[in-house]
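Remarks on the structure that follows.
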Amino acid sequence: MTNTKAFGNAAADAPLKQININRRNPTPHDVEIDILYCGVCHSDLHTARGEWGPTAYPCVPGHEIVGKVTRVGDHVKKFKVGDTVGVGCIVDSCRECQYCQSDLEQFCEKGMTGTYGSPDKHMQGLPTYGGYSERIVVDENYVLRIPENLDIAAAAPLLCAGITTYSPLRHWKVGPGQKVGVVGIGGLGHMAIKIAKAMGAYVVAFTTSDSKFTEAKRLGADDVILSKDETQMQKYAGQLHFMIDAVSAQHDINAYLGQLRVDGSLALVGAPSEPLPVAAFKLIMARRSFAGSLIGGILETQEMLDFCGKHEILPDIEMINIQQINEAYDRLMKGDVKYRFVIDMASLKKS
Ligand code: NAP
Ligand code: ZN
Ligand code: ZN
């Protein structure tokens with residue numbers, strides 16, 4: 001076991017602070033990774049603050065991990081010491097069920113092992129601990145390769161924000177000739193704009209924030225709608241082929257369903273803790289679909305990383321030290337991040 005510095009909290013209402021955790025020694029199939037950067041996902045905040053139901057404490061969040069391989073087990077084939085690698089939201093799954101067999105580990109019938117907060121098979125059921133830590137040990141089959149041309153700090157958020165938006169855009173076959181809406185321009189939403197644009201769609205951003213209204217086109221949007229302005233909300237009503245909703249809080253989903261054309265689909269990726277009431281007539285009058293999507297499988301995550309490498313797509317990041325994490329969470333609650341916080345993990349190692 002390796003004693004490892006981490007940042008976590010002990011209760012929903014407790015701030016995150018420095019703690020110590022144990023990492024297992026690499027088994028023959030494991031890769032040990034020295035964590036250099038970790039993105040800050042709104043799911044980290046939902047989980048640390050117990051907003052989705054009971055959280056296993058201590059909670060060490062972080063599932064947008066980039067680092068260097070420091071040790072490999074005897075049977076590891078895909079990675080060697082010194083490689084730049086990534087770890088996203090999944091660190092294990094049963095590998096046998098119909099979904100694991102079809103590269104959809106996120107829907108594993110036995111339940112995937114999340115990077116944080118899942119029972120850890122190697123540690124007598126203690127929770128898994130995520131990327132707000134010095135190092136992590138992960139089975140090589142759940143480790144990703146980072147394309148060499150991408151900046152490794154900025155690449156970190158691809159491991160969740162990137163795949164969570166890439167996967168539905170692929171599943172609903174977004175491409176040229178389609179108008180795509182993106183609701184909520186935070187970490188996920190700004191990646192959805194960039195990726196949908198690279199896939200050839202006409203992209204319309206919907207935001208509640210005046211400052212993002214003026215910036216969305218710089219991110220790649222063809223048009224932007226300030227969603228609190230009723231007149232602007234009429235501009236694309238009934239016209240969009242597909243939408244991604246990445247809003248982290250309660251909001252009126254019906255205003256966005258109304259943007260879809262006949263047979264259009266809205267995929268919810270945002271995960272507010274309370275139900276979102278859907279008006280029946282918003283769906284039935286235009287045969288619209290209201291759907292959801294969860295991260296993406298390991299194979300698709302690698303495909304997304306390679307796609308972002310090829311198209312040179314990277315998130316816009318604000319680098320922070322780990323000691324600023326509680327303040328960063330408060331800013332996330334206000335939608336005040338452009339567009340993803342990334343923790344420089346040197347700040348934890350130095351402390
Ligand atoms: P984020 O960076 O905080 O962005 C959320 C955005 O939602 C904000 O920037 C804001 O956009 C909008 N928003 C926030 N509060 C709002 C309110 N009260 N009313 C209307 N709009 C509001 O969060 P994120 O990391 O992108 O994550 C977004 C959501 O996706 C979270 O719930 C997260 O847990 C979830 N998530 C789901 C998956 C999945 O697999 N499905 C994966 C990762 C994350 P504007 O300023 O543009 O309005
Ligand atoms: Zn996430
Ligand atoms: Zn499975």
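By convention here, the chains of the structure tokens are called A, B, ... in the order presented, each chain's residues are numbered starting at 1, and ligands are numbered starting at 1 in the order presented.
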Go through the chains and note each residue within 10 Å of ligand 3, using only C-alpha atoms and all ligand atoms, then give the set as a list in words.
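My answer, listing the contacting residues, is Asp92, Ser93, Cys94, Arg95, Glu96, Cys97, Gln98, Tyr99, Cys100, Gln101, Ser102, Asp103, Leu104, Glu105, Gln106, Phe107, Cys108, Glu109, Lys110, Gly111, Met112 and Thr113 of chain A.
Using only C-alpha atoms, the contacts of His75 (chain A) at a cut-off of 9 Å, with sequence neighbours closer than 3 positions omitted, comprise Thr27, Pro28, His29, Asp30 and Val72 of chain A.
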Write the residues of the selection above to a file with all heavy atoms, as a PDB file, in the first residue's frame.
ATOM      1  N   THR A  27      -1.396  -4.525  -9.045  1.00  0.00           N
ATOM      2  CA  THR A  27      -1.507  -5.967  -9.314  1.00  0.00           C
ATOM      3  C   THR A  27      -0.910  -6.190 -10.711  1.00  0.00           C
ATOM      4  O   THR A  27      -0.573  -5.220 -11.408  1.00  0.00           O
ATOM      5  CB  THR A  27      -2.980  -6.418  -9.304  1.00  0.00           C
ATOM      6  OG1 THR A  27      -3.604  -5.891 -10.482  1.00  0.00           O
ATOM      7  CG2 THR A  27      -3.733  -5.916  -8.068  1.00  0.00           C
ATOM      8  N   PRO A  28      -0.802  -7.454 -11.187  1.00  0.00           N
ATOM      9  CA  PRO A  28      -0.192  -7.683 -12.513  1.00  0.00           C
ATOM     10  C   PRO A  28      -0.866  -6.917 -13.651  1.00  0.00           C
ATOM     11  O   PRO A  28      -0.242  -6.647 -14.673  1.00  0.00           O
ATOM     12  CB  PRO A  28      -0.330  -9.195 -12.693  1.00  0.00           C
ATOM     13  CG  PRO A  28      -0.292  -9.734 -11.294  1.00  0.00           C
ATOM     14  CD  PRO A  28      -1.019  -8.727 -10.451  1.00  0.00           C
ATOM     15  N   HIS A  29      -2.136  -6.545 -13.496  1.00  0.00           N
ATOM     16  CA  HIS A  29      -2.839  -5.869 -14.596  1.00  0.00           C
ATOM     17  C   HIS A  29      -2.972  -4.355 -14.381  1.00  0.00           C
ATOM     18  O   HIS A  29      -3.632  -3.671 -15.157  1.00  0.00           O
ATOM     19  CB  HIS A  29      -4.231  -6.484 -14.776  1.00  0.00           C
ATOM     20  CG  HIS A  29      -4.170  -7.927 -15.151  1.00  0.00           C
ATOM     21  ND1 HIS A  29      -3.897  -8.333 -16.435  1.00  0.00           N
ATOM     22  CD2 HIS A  29      -4.269  -9.053 -14.396  1.00  0.00           C
ATOM     23  CE1 HIS A  29      -3.862  -9.657 -16.465  1.00  0.00           C
ATOM     24  NE2 HIS A  29      -4.075 -10.116 -15.244  1.00  0.00           N
ATOM     25  N   ASP A  30      -2.362  -3.854 -13.331  1.00  0.00           N
ATOM     26  CA  ASP A  30      -2.565  -2.448 -12.967  1.00  0.00           C
ATOM     27  C   ASP A  30      -1.471  -1.515 -13.473  1.00  0.00           C
ATOM     28  O   ASP A  30      -0.316  -1.919 -13.651  1.00  0.00           O
ATOM     29  CB  ASP A  30      -2.590  -2.298 -11.432  1.00  0.00           C
ATOM     30  CG  ASP A  30      -3.914  -2.713 -10.828  1.00  0.00           C
ATOM     31  OD1 ASP A  30      -4.924  -2.761 -11.554  1.00  0.00           O
ATOM     32  OD2 ASP A  30      -3.919  -3.013  -9.611  1.00  0.00           O
ATOM     33  N   VAL A  72       4.115  -0.324 -13.634  1.00  0.00           N
ATOM     34  CA  VAL A  72       3.137  -1.191 -14.309  1.00  0.00           C
ATOM     35  C   VAL A  72       3.277  -2.608 -13.774  1.00  0.00           C
ATOM     36  O   VAL A  72       4.384  -3.045 -13.427  1.00  0.00           O
ATOM     37  CB  VAL A  72       3.306  -1.206 -15.856  1.00  0.00           C
ATOM     38  CG1 VAL A  72       3.005   0.149 -16.462  1.00  0.00           C
ATOM     39  CG2 VAL A  72       4.678  -1.684 -16.265  1.00  0.00           C
TER      40      VAL A  72
END
With only C-alpha atoms and all ligand atoms counted, collect every polymer residue having an atom within 7 Å of ligand 2; state the result as a VMD selection string.
chain A and resid 41 to 44 63 89 160 to 161
From the options A:Gly53, A:Gly184, A:Gly335, A:Pro315, which residue's atoms come nearest to Ala153 (chain A), counting only C-alpha atoms?
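Selected residue with least distance to Ala153 (chain A): A:Pro315.
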Among region 142-340 of chain A, which residues does DSSP mark as alpha helix (DSSP H) when it is run on the backbone? Keep the chain and numbering as in the structure and answer as number ranges by chain.
A: 152-155, 161-171, 187-198, 210-219, 230-233, 254-257, 280-284, 298-311, 325-333
Judged by only C-alpha atoms, the minimum distance to Asp34 (chain A) among A:Lys349, A:Arg261, A:Lys217, A:Arg170 is found for A:Lys349
I'd like a table as CSV: residues in chain A with an atom no more than 6 Å from ligand 1, each row giving the shortest atom pair and its distance in Å to one decimal, only C-alpha atoms and all ligand atoms counted, sorted by chain and rising residue number.
residue,atom,partner,partner_atom_place_in_ligand_line,distance
A:Cys41,CA,ligand 1,25 (O),4.1
A:His42,CA,ligand 1,25 (O),3.7
A:Ser43,CA,ligand 1,34 (O),3.6
A:Cys160,CA,ligand 1,43 (C),5.8
A:Ala161,CA,ligand 1,43 (C),5.9
A:Thr164,CA,ligand 1,40 (O),5.2
A:Gly184,CA,ligand 1,11 (O),3.5
A:Ile185,CA,ligand 1,47 (O),3.6
A:Gly186,CA,ligand 1,4 (O),3.3
A:Gly187,CA,ligand 1,26 (O),3.7
A:Leu188,CA,ligand 1,26 (O),3.7
A:Gly189,CA,ligand 1,26 (O),5.8
A:Thr207,CA,ligand 1,47 (O),3.6
A:Thr208,CA,ligand 1,48 (O),3.6
A:Ser209,CA,ligand 1,46 (O),4.4
A:Ala246,CA,ligand 1,28 (C),4.7
A:Val247,CA,ligand 1,7 (O),3.5
A:Ser248,CA,ligand 1,32 (O),3.4
A:Ala249,CA,ligand 1,18 (N),4.7
A:Gln250,CA,ligand 1,18 (N),5.7
A:His251,CA,ligand 1,19 (N),5.2
A:Val269,CA,ligand 1,41 (N),3.7
A:Gly270,CA,ligand 1,30 (O),3.3
A:Ala271,CA,ligand 1,32 (O),3.7
A:Pro272,CA,ligand 1,32 (O),5.1
A:Ser293,CA,ligand 1,41 (N),5.3
A:Leu294,CA,ligand 1,40 (O),3.4
A:Ile295,CA,ligand 1,40 (O),3.7
A:Leu332,CA,ligand 1,3 (O),4.7
A:Gly335,CA,ligand 1,9 (O),4.1
Non-local contacts of Val138 (chain A) (9 Å; only C-alpha atoms; under 5 positions in same chain excluded) as a list in words:
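Result of the neighbour search: Pro26, His29, Asp30, Val31, Glu32, Ile33, Val87, Val91, Asp92 and Val143 of chain A.
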From the list A:Lys179, A:His311, A:Arg145, A:Arg218, which residue is nearest Gln259 (chain A) when using only C-alpha atoms?
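Once distances to Gln259 (chain A) are computed over only C-alpha atoms, the minimum belongs to A:Lys179.
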Please, which residues of region 81-194 of chain A, numbered as in this document, come out strand (DSSP E or B) from DSSP, as a list of chain:residue names?
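Written out, the strand (DSSP E or B) residues of region 81-194 of chain A are A:Thr84, A:Val85, A:Gly86, A:Val87, A:Ile90, A:Val91, A:Asp92, A:Thr113, A:Gly114, A:Pro119, A:Pro127, A:Ser133, A:Arg135, A:Ile136, A:Val137, A:Val138, A:Asp139, A:Leu144, A:Arg145, A:Lys179, A:Val180, A:Gly181, A:Val182, A:Val183.
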If you count only C-alpha atoms, which residues fall within 6 Å of Gly62 (chain A), apart from same-chain ones fewer than 2 positions away, as a list in words?
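Here the qualifying residues turn out to be Glu64, Gly130, Gly131 and Tyr132 of chain A.
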Dump of all heavy atoms for the selected residues, as a PDB file, in the first residue's frame:
ATOM      1  N   GLU A  64     -11.470  13.426 -13.965  1.00  0.00           N
ATOM      2  CA  GLU A  64     -10.893  13.949 -15.217  1.00  0.00           C
ATOM      3  C   GLU A  64      -9.386  14.017 -14.993  1.00  0.00           C
ATOM      4  O   GLU A  64      -8.816  15.085 -14.755  1.00  0.00           O
ATOM      5  CB  GLU A  64     -11.465  15.339 -15.529  1.00  0.00           C
ATOM      6  CG  GLU A  64     -12.971  15.296 -15.814  1.00  0.00           C
ATOM      7  CD  GLU A  64     -13.579  16.641 -16.210  1.00  0.00           C
ATOM      8  OE1 GLU A  64     -13.013  17.695 -15.834  1.00  0.00           O
ATOM      9  OE2 GLU A  64     -14.626  16.633 -16.873  1.00  0.00           O
ATOM     10  N   GLY A 130     -10.977   9.376  -5.933  1.00  0.00           N
ATOM     11  CA  GLY A 130     -10.732   9.923  -7.263  1.00  0.00           C
ATOM     12  C   GLY A 130      -9.451  10.717  -7.407  1.00  0.00           C
ATOM     13  O   GLY A 130      -8.482  10.559  -6.658  1.00  0.00           O
ATOM     14  N   GLY A 131      -9.492  11.629  -8.370  1.00  0.00           N
ATOM     15  CA  GLY A 131      -8.284  12.274  -8.859  1.00  0.00           C
ATOM     16  C   GLY A 131      -7.759  13.446  -8.059  1.00  0.00           C
ATOM     17  O   GLY A 131      -6.696  13.982  -8.380  1.00  0.00           O
ATOM     18  N   TYR A 132      -8.483  13.887  -7.025  1.00  0.00           N
ATOM     19  CA  TYR A 132      -7.929  14.956  -6.186  1.00  0.00           C
ATOM     20  C   TYR A 132      -6.903  14.308  -5.252  1.00  0.00           C
ATOM     21  O   TYR A 132      -7.043  14.312  -4.031  1.00  0.00           O
ATOM     22  CB  TYR A 132      -9.005  15.631  -5.332  1.00  0.00           C
ATOM     23  CG  TYR A 132     -10.158  16.332  -6.030  1.00  0.00           C
ATOM     24  CD1 TYR A 132     -10.318  16.337  -7.408  1.00  0.00           C
ATOM     25  CD2 TYR A 132     -11.115  17.024  -5.248  1.00  0.00           C
ATOM     26  CE1 TYR A 132     -11.403  16.982  -7.997  1.00  0.00           C
ATOM     27  CE2 TYR A 132     -12.188  17.676  -5.836  1.00  0.00           C
ATOM     28  CZ  TYR A 132     -12.329  17.643  -7.206  1.00  0.00           C
ATOM     29  OH  TYR A 132     -13.417  18.277  -7.786  1.00  0.00           O
TER      30      TYR A 132
END
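Nearest residue to Gln323 (chain A) among A:Ala6, A:Ile195, A:Ile284, A:Leu169 is A:Ala6, counting only C-alpha atoms.
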Extract, using only C-alpha atoms, all DNA, RNA and protein residues at most 8 Å from region 232-243 of chain A, discarding same-chain residues fewer than 5 positions from it, and format them as a ChimeraX atom specification.
/A:172,174,178-183,225-227,258-267
Might you pull out every residue within 10 Å of region 277-281 of chain A, with only C-alpha atoms counted and same-chain residues fewer than 5 positions away left off, and present them as a PyMOL selection string?
chain A and resi 250-255+257-258+286-288+290
